[in-house]
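A short write-up of the structure that comes next.
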Amino acid sequence: MALAHFRFRISAPSFRPTTQCNFESVPMSLSLAQLRAVDAVARHGQISRAAQSLGLSQPSISNQIQTFEAAWQIRFFDRDGYTITVRPDAEALLGRIRLALDLFNEIETGLTAQSAMEASTLSLGFSAHRLIMPALAKFVAHHPDIRISTLGAPSFDLLKAVKRGEIHLASISSPEAPAGLHAVEVARRKLVVYGKRDHPLLANAHIDLADLDGVSMVLWNENSGSRRQFDTICAAQKIFPKVAMAVNTLDVSYAAVAAGIGLGVAVEHEVQEDEYVKIASLQADGAEVGQYLVCLKGAELRPQIASFIEIAQETAAAFL
């Protein structure tokens, strides 16, 4: 069902003006066509591909973009020949545009579906799959008609994806709630150190931060929430571990640690002790992070996101 004349107002974005514009002659409203054009160009990086994806002509897409930028006196895109990229200071607004398009699509679906939850989707990002899996399993059982896509990545990469509207919801590790987003703290968890079972520093159930000075370690990359907090507390106490390897996935981290390359740091319950690795609680001020569910402000009103947050809060107790 197409609503060709759908229009609404938003507050003017705070970008630096690029041209002088007579606001008396330019309507300060957005059309659905403009939002779809902006989204398509951002996704495809070219006017031609964006036009093809929407089934429109290239001049039509170019006109929508030009009208959008002129009306709001902004530069939303950087252009390099035929390649177009979103300006860094426009990424937050792009996320809001994608949220608006998602909500509009749900309105259309709701006009024809028996339930607002039918034929809907949820794209979920997570930095630690073990911590989110109980909630995900319960959500799937409660809402079998919702199509779910997932993205595993470090916490600060997931925050960027949420802000750009690439995923609806993310489970991240962070010492505090990220600014500018709707954030719900599900739990606070300690940092732990894990390593090969015969590692001498893991003889006890606890390990002091000072014992890690100069010790070889396998750590997540610097976009990881737990890695950033570990670096913060090390800097505060002037402890300097040796980073033998920086990794991007838990599987690689576990394999490297089990092989004896170094000790690893994880969020409590992110790694399980087994015949190959042993775990010790890290003793240091600030050696903890919060597990947060984050989405764009306003997106928490979407029924599938609200339901997932509620279920995650209920299932978090399973780890406590």
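The way I read the labels, and the way they are meant: chains A, B, ... in the order of the structure tokens, residue 1 as the first residue of every chain, and ligand 1 as the first ligand shown, with later ones counted on from there.
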
Set the distance at 6 Å and use only C-alpha atoms: which residues neighbour segment 211-220 of chain A once local chain neighbours fewer than 4 positions away are removed? I'd like the list as a PDB file with all heavy atoms, in the first residue's frame.
ATOM      1  N   ARG A 227      37.800  -4.644  26.576  1.00  0.00           N
ATOM      2  CA  ARG A 227      39.206  -4.284  26.348  1.00  0.00           C
ATOM      3  C   ARG A 227      39.461  -2.832  26.773  1.00  0.00           C
ATOM      4  O   ARG A 227      40.472  -2.522  27.428  1.00  0.00           O
ATOM      5  CB  ARG A 227      39.553  -4.474  24.872  1.00  0.00           C
ATOM      6  CG  ARG A 227      40.874  -3.808  24.421  1.00  0.00           C
ATOM      7  CD  ARG A 227      42.111  -4.477  25.011  1.00  0.00           C
ATOM      8  NE  ARG A 227      43.328  -3.745  24.702  1.00  0.00           N
ATOM      9  CZ  ARG A 227      44.015  -3.865  23.557  1.00  0.00           C
ATOM     10  NH1 ARG A 227      43.583  -4.673  22.603  1.00  0.00           N
ATOM     11  NH2 ARG A 227      45.124  -3.190  23.364  1.00  0.00           N
ATOM     12  N   ILE A 239      49.958  -0.312  35.135  1.00  0.00           N
ATOM     13  CA  ILE A 239      50.250  -1.711  34.840  1.00  0.00           C
ATOM     14  C   ILE A 239      50.352  -1.846  33.324  1.00  0.00           C
ATOM     15  O   ILE A 239      49.494  -1.350  32.592  1.00  0.00           O
ATOM     16  CB  ILE A 239      49.151  -2.641  35.388  1.00  0.00           C
ATOM     17  CG1 ILE A 239      48.976  -2.437  36.889  1.00  0.00           C
ATOM     18  CG2 ILE A 239      49.456  -4.093  35.073  1.00  0.00           C
ATOM     19  CD1 ILE A 239      50.205  -2.725  37.704  1.00  0.00           C
ATOM     20  N   PHE A 240      51.392  -2.535  32.844  1.00  0.00           N
ATOM     21  CA  PHE A 240      51.644  -2.603  31.410  1.00  0.00           C
ATOM     22  C   PHE A 240      51.779  -4.052  30.946  1.00  0.00           C
ATOM     23  O   PHE A 240      52.899  -4.578  30.831  1.00  0.00           O
ATOM     24  CB  PHE A 240      52.893  -1.803  31.048  1.00  0.00           C
ATOM     25  CG  PHE A 240      52.838  -0.369  31.470  1.00  0.00           C
ATOM     26  CD1 PHE A 240      53.478   0.045  32.643  1.00  0.00           C
ATOM     27  CD2 PHE A 240      52.128   0.560  30.725  1.00  0.00           C
ATOM     28  CE1 PHE A 240      53.414   1.363  33.045  1.00  0.00           C
ATOM     29  CE2 PHE A 240      52.062   1.891  31.130  1.00  0.00           C
ATOM     30  CZ  PHE A 240      52.696   2.297  32.287  1.00  0.00           C
ATOM     31  N   PRO A 241      50.656  -4.710  30.670  1.00  0.00           N
ATOM     32  CA  PRO A 241      50.742  -6.069  30.106  1.00  0.00           C
ATOM     33  C   PRO A 241      51.350  -6.016  28.688  1.00  0.00           C
ATOM     34  O   PRO A 241      51.299  -4.980  28.013  1.00  0.00           O
ATOM     35  CB  PRO A 241      49.280  -6.524  30.055  1.00  0.00           C
ATOM     36  CG  PRO A 241      48.530  -5.572  30.929  1.00  0.00           C
ATOM     37  CD  PRO A 241      49.270  -4.281  30.871  1.00  0.00           C
ATOM     38  N   LYS A 242      51.876  -7.121  28.251  1.00  0.00           N
ATOM     39  CA  LYS A 242      52.393  -7.236  26.894  1.00  0.00           C
ATOM     40  C   LYS A 242      51.301  -7.825  26.001  1.00  0.00           C
ATOM     41  O   LYS A 242      50.845  -8.943  26.231  1.00  0.00           O
ATOM     42  CB  LYS A 242      53.620  -8.150  26.862  1.00  0.00           C
ATOM     43  CG  LYS A 242      54.180  -8.381  25.470  1.00  0.00           C
ATOM     44  CD  LYS A 242      55.332  -9.375  25.500  1.00  0.00           C
ATOM     45  CE  LYS A 242      55.825  -9.677  24.095  1.00  0.00           C
ATOM     46  NZ  LYS A 242      56.912 -10.690  24.109  1.00  0.00           N
ATOM     47  N   VAL A 243      50.865  -7.055  25.007  1.00  0.00           N
ATOM     48  CA  VAL A 243      49.811  -7.526  24.100  1.00  0.00           C
ATOM     49  C   VAL A 243      50.456  -8.408  23.034  1.00  0.00           C
ATOM     50  O   VAL A 243      51.013  -7.918  22.056  1.00  0.00           O
ATOM     51  CB  VAL A 243      49.043  -6.360  23.460  1.00  0.00           C
ATOM     52  CG1 VAL A 243      47.916  -6.892  22.568  1.00  0.00           C
ATOM     53  CG2 VAL A 243      48.469  -5.435  24.532  1.00  0.00           C
ATOM     54  N   ALA A 244      50.396  -9.710  23.245  1.00  0.00           N
ATOM     55  CA  ALA A 244      50.994 -10.642  22.288  1.00  0.00           C
ATOM     56  C   ALA A 244      50.151 -10.785  21.032  1.00  0.00           C
ATOM     57  O   ALA A 244      50.669 -11.044  19.949  1.00  0.00           O
ATOM     58  CB  ALA A 244      51.171 -12.019  22.942  1.00  0.00           C
ATOM     59  N   MET A 245      48.828 -10.596  21.180  1.00  0.00           N
ATOM     60  CA  MET A 245      47.925 -10.747  20.034  1.00  0.00           C
ATOM     61  C   MET A 245      46.647  -9.967  20.305  1.00  0.00           C
ATOM     62  O   MET A 245      46.119 -10.001  21.418  1.00  0.00           O
ATOM     63  CB  MET A 245      47.595 -12.231  19.806  1.00  0.00           C
ATOM     64  CG  MET A 245      46.690 -12.491  18.607  1.00  0.00           C
ATOM     65  SD  MET A 245      46.294 -14.261  18.421  1.00  0.00           S
ATOM     66  CE  MET A 245      47.911 -14.934  18.038  1.00  0.00           C
ATOM     67  N   ALA A 246      46.163  -9.246  19.285  1.00  0.00           N
ATOM     68  CA  ALA A 246      44.855  -8.588  19.336  1.00  0.00           C
ATOM     69  C   ALA A 246      43.923  -9.335  18.390  1.00  0.00           C
ATOM     70  O   ALA A 246      44.293  -9.627  17.248  1.00  0.00           O
ATOM     71  CB  ALA A 246      44.965  -7.122  18.929  1.00  0.00           C
ATOM     72  N   VAL A 247      42.733  -9.662  18.863  1.00  0.00           N
ATOM     73  CA  VAL A 247      41.830 -10.525  18.090  1.00  0.00           C
ATOM     74  C   VAL A 247      40.470  -9.847  17.914  1.00  0.00           C
ATOM     75  O   VAL A 247      40.140  -8.882  18.604  1.00  0.00           O
ATOM     76  CB  VAL A 247      41.637 -11.893  18.786  1.00  0.00           C
ATOM     77  CG1 VAL A 247      42.962 -12.619  18.899  1.00  0.00           C
ATOM     78  CG2 VAL A 247      41.014 -11.710  20.164  1.00  0.00           C
ATOM     79  N   ASN A 248      39.678 -10.385  16.988  1.00  0.00           N
ATOM     80  CA  ASN A 248      38.370  -9.823  16.679  1.00  0.00           C
ATOM     81  C   ASN A 248      37.212 -10.740  17.039  1.00  0.00           C
ATOM     82  O   ASN A 248      36.058 -10.318  16.998  1.00  0.00           O
ATOM     83  CB  ASN A 248      38.270  -9.478  15.186  1.00  0.00           C
ATOM     84  CG  ASN A 248      39.205  -8.357  14.797  1.00  0.00           C
ATOM     85  OD1 ASN A 248      39.366  -7.393  15.533  1.00  0.00           O
ATOM     86  ND2 ASN A 248      39.835  -8.482  13.632  1.00  0.00           N
ATOM     87  N   GLY A 262      48.996 -16.546  25.468  1.00  0.00           N
ATOM     88  CA  GLY A 262      48.887 -15.527  26.508  1.00  0.00           C
ATOM     89  C   GLY A 262      47.592 -15.675  27.279  1.00  0.00           C
ATOM     90  O   GLY A 262      46.757 -16.539  26.967  1.00  0.00           O
ATOM     91  N   LEU A 263      47.418 -14.834  28.283  1.00  0.00           N
ATOM     92  CA  LEU A 263      46.179 -14.799  29.040  1.00  0.00           C
ATOM     93  C   LEU A 263      45.162 -13.909  28.330  1.00  0.00           C
ATOM     94  O   LEU A 263      45.527 -12.942  27.649  1.00  0.00           O
ATOM     95  CB  LEU A 263      46.430 -14.254  30.453  1.00  0.00           C
ATOM     96  CG  LEU A 263      47.319 -15.098  31.369  1.00  0.00           C
ATOM     97  CD1 LEU A 263      47.564 -14.367  32.676  1.00  0.00           C
ATOM     98  CD2 LEU A 263      46.700 -16.467  31.621  1.00  0.00           C
ATOM     99  N   GLY A 264      43.885 -14.216  28.514  1.00  0.00           N
ATOM    100  CA  GLY A 264      42.833 -13.410  27.936  1.00  0.00           C
ATOM    101  C   GLY A 264      41.993 -12.737  29.000  1.00  0.00           C
ATOM    102  O   GLY A 264      41.995 -13.151  30.168  1.00  0.00           O
TER     103      GLY A 264
END

(Q) Just want the 8 Å neighbourhood of Ala42 of chain A, counted on only C-alpha atoms, with same-chain residues fewer than 3 positions away dropped. Output as number ranges by chain. (A) A: 38-39, 45, 84-86

Could you write out the selected residues, including N, CA, C and O atoms, as a PDB file, in the first residue's frame?
ATOM      1  N   VAL A  38      17.701   9.306   0.221  1.00  0.00           N
ATOM      2  CA  VAL A  38      18.879   9.453   1.078  1.00  0.00           C
ATOM      3  C   VAL A  38      19.354   8.084   1.559  1.00  0.00           C
ATOM      4  O   VAL A  38      20.550   7.762   1.513  1.00  0.00           O
ATOM      5  N   ASP A  39      18.434   7.262   2.026  1.00  0.00           N
ATOM      6  CA  ASP A  39      18.786   5.928   2.513  1.00  0.00           C
ATOM      7  C   ASP A  39      19.409   5.081   1.411  1.00  0.00           C
ATOM      8  O   ASP A  39      20.429   4.409   1.629  1.00  0.00           O
ATOM      9  N   GLY A  45      26.033   3.932  -2.310  1.00  0.00           N
ATOM     10  CA  GLY A  45      27.204   4.736  -2.615  1.00  0.00           C
ATOM     11  C   GLY A  45      27.253   5.328  -3.999  1.00  0.00           C
ATOM     12  O   GLY A  45      28.241   5.966  -4.363  1.00  0.00           O
ATOM     13  N   ILE A  84      29.773   8.128  -3.589  1.00  0.00           N
ATOM     14  CA  ILE A  84      29.158   9.022  -2.609  1.00  0.00           C
ATOM     15  C   ILE A  84      29.187   8.344  -1.245  1.00  0.00           C
ATOM     16  O   ILE A  84      28.811   7.179  -1.117  1.00  0.00           O
ATOM     17  N   THR A  85      29.635   9.069  -0.230  1.00  0.00           N
ATOM     18  CA  THR A  85      29.674   8.534   1.127  1.00  0.00           C
ATOM     19  C   THR A  85      28.990   9.513   2.079  1.00  0.00           C
ATOM     20  O   THR A  85      28.943  10.715   1.836  1.00  0.00           O
ATOM     21  N   VAL A  86      28.468   8.966   3.163  1.00  0.00           N
ATOM     22  CA  VAL A  86      27.815   9.795   4.177  1.00  0.00           C
ATOM     23  C   VAL A  86      28.882  10.518   4.990  1.00  0.00           C
ATOM     24  O   VAL A  86      29.858   9.912   5.426  1.00  0.00           O
TER      25      VAL A  86
END

Q: Between A:Leu30, A:Ile311, A:Ala203, A:Ala255, single out the one closest to Ile65 of chain A, counting only C-alpha atoms.
A: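 Nearest to Ile65 of chain A: A:Leu30.
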
Q) Where does DSSP see helix (DSSP H, G or I) in segment 89-291 of chain A, if you list the residues as a ChimeraX atom specification? A) /A:89-112,129-142,155-163,200-202,209-212,225-236,250-258

Q | For Glu273 of chain A: contacts at 10 Å, only C-alpha atoms, fewer than 5 positions along chain excluded, given as a list in words | A |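 Skipping anything fewer than 5 positions along the chain leaves Tyr194, Gly195, Arg197, Lys278, Ile279 and Ala280 of chain A.
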
Filtering to C-alpha atoms, could you give me those residues as a tab-separated table (two decimals), in the first residue's frame?
chain	number	residue	atom	x	y	z
A	194	TYR	CA	41.43	-16.90	31.55
A	195	GLY	CA	44.33	-18.93	30.26
A	197	ARG	CA	45.03	-24.59	32.63
A	278	LYS	CA	40.98	-22.01	33.58
A	279	ILE	CA	39.32	-18.78	34.78
A	280	ALA	CA	40.19	-16.40	37.63

Q | Residues near Ser120 of chain A, cut-off 9 Å, only C-alpha atoms, skip fewer than 5 positions along chain, as a count of residues only | A | 7

Q) For Pro134 of chain A, which of A:Leu56, A:Ala266, A:Ala312, A:Ala90 is the closest residue, counting only C-alpha atoms? A)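 Answer, going by the shortest atom-to-atom distance: A:Ala312.
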
Q: Could you jot down the atom CA of His199 of chain A to atom CA of Ala235 of chain A separation for me, Å, one decimal place?
A: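 Between atom CA of His199 of chain A and atom CA of Ala235 of chain A the gap is 24.2 Å.
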
Which residues, written as a PDB file with C-alpha atoms, in the first residue's frame, have at least one atom at most 9 Å from Ile167 of chain A, with only C-alpha atoms counted and residues fewer than 2 positions away on the same chain left out?
ATOM      1  CA  LEU A 122      14.597  -7.695  14.327  1.00  0.00           C
ATOM      2  CA  SER A 123      18.271  -7.129  13.565  1.00  0.00           C
ATOM      3  CA  LEU A 124      20.325  -7.786  16.679  1.00  0.00           C
ATOM      4  CA  GLY A 125      23.999  -7.136  17.324  1.00  0.00           C
ATOM      5  CA  SER A 149      19.245 -11.307  11.674  1.00  0.00           C
ATOM      6  CA  THR A 150      22.341 -11.067  13.871  1.00  0.00           C
ATOM      7  CA  LEU A 151      25.700  -9.331  13.857  1.00  0.00           C
ATOM      8  CA  LEU A 158      27.964  -2.197  17.278  1.00  0.00           C
ATOM      9  CA  ALA A 161      25.925   0.259  13.496  1.00  0.00           C
ATOM     10  CA  VAL A 162      23.017   1.264  15.760  1.00  0.00           C
ATOM     11  CA  LYS A 163      23.592   4.971  15.158  1.00  0.00           C
ATOM     12  CA  ARG A 164      23.662   4.434  11.392  1.00  0.00           C
ATOM     13  CA  GLY A 165      20.448   2.416  11.515  1.00  0.00           C
ATOM     14  CA  LEU A 169      19.264  -3.305  18.760  1.00  0.00           C
ATOM     15  CA  ALA A 170      22.653  -4.196  20.225  1.00  0.00           C
ATOM     16  CA  CYS A 295      18.857   1.303  20.299  1.00  0.00           C
TER      17      CYS A 295
END
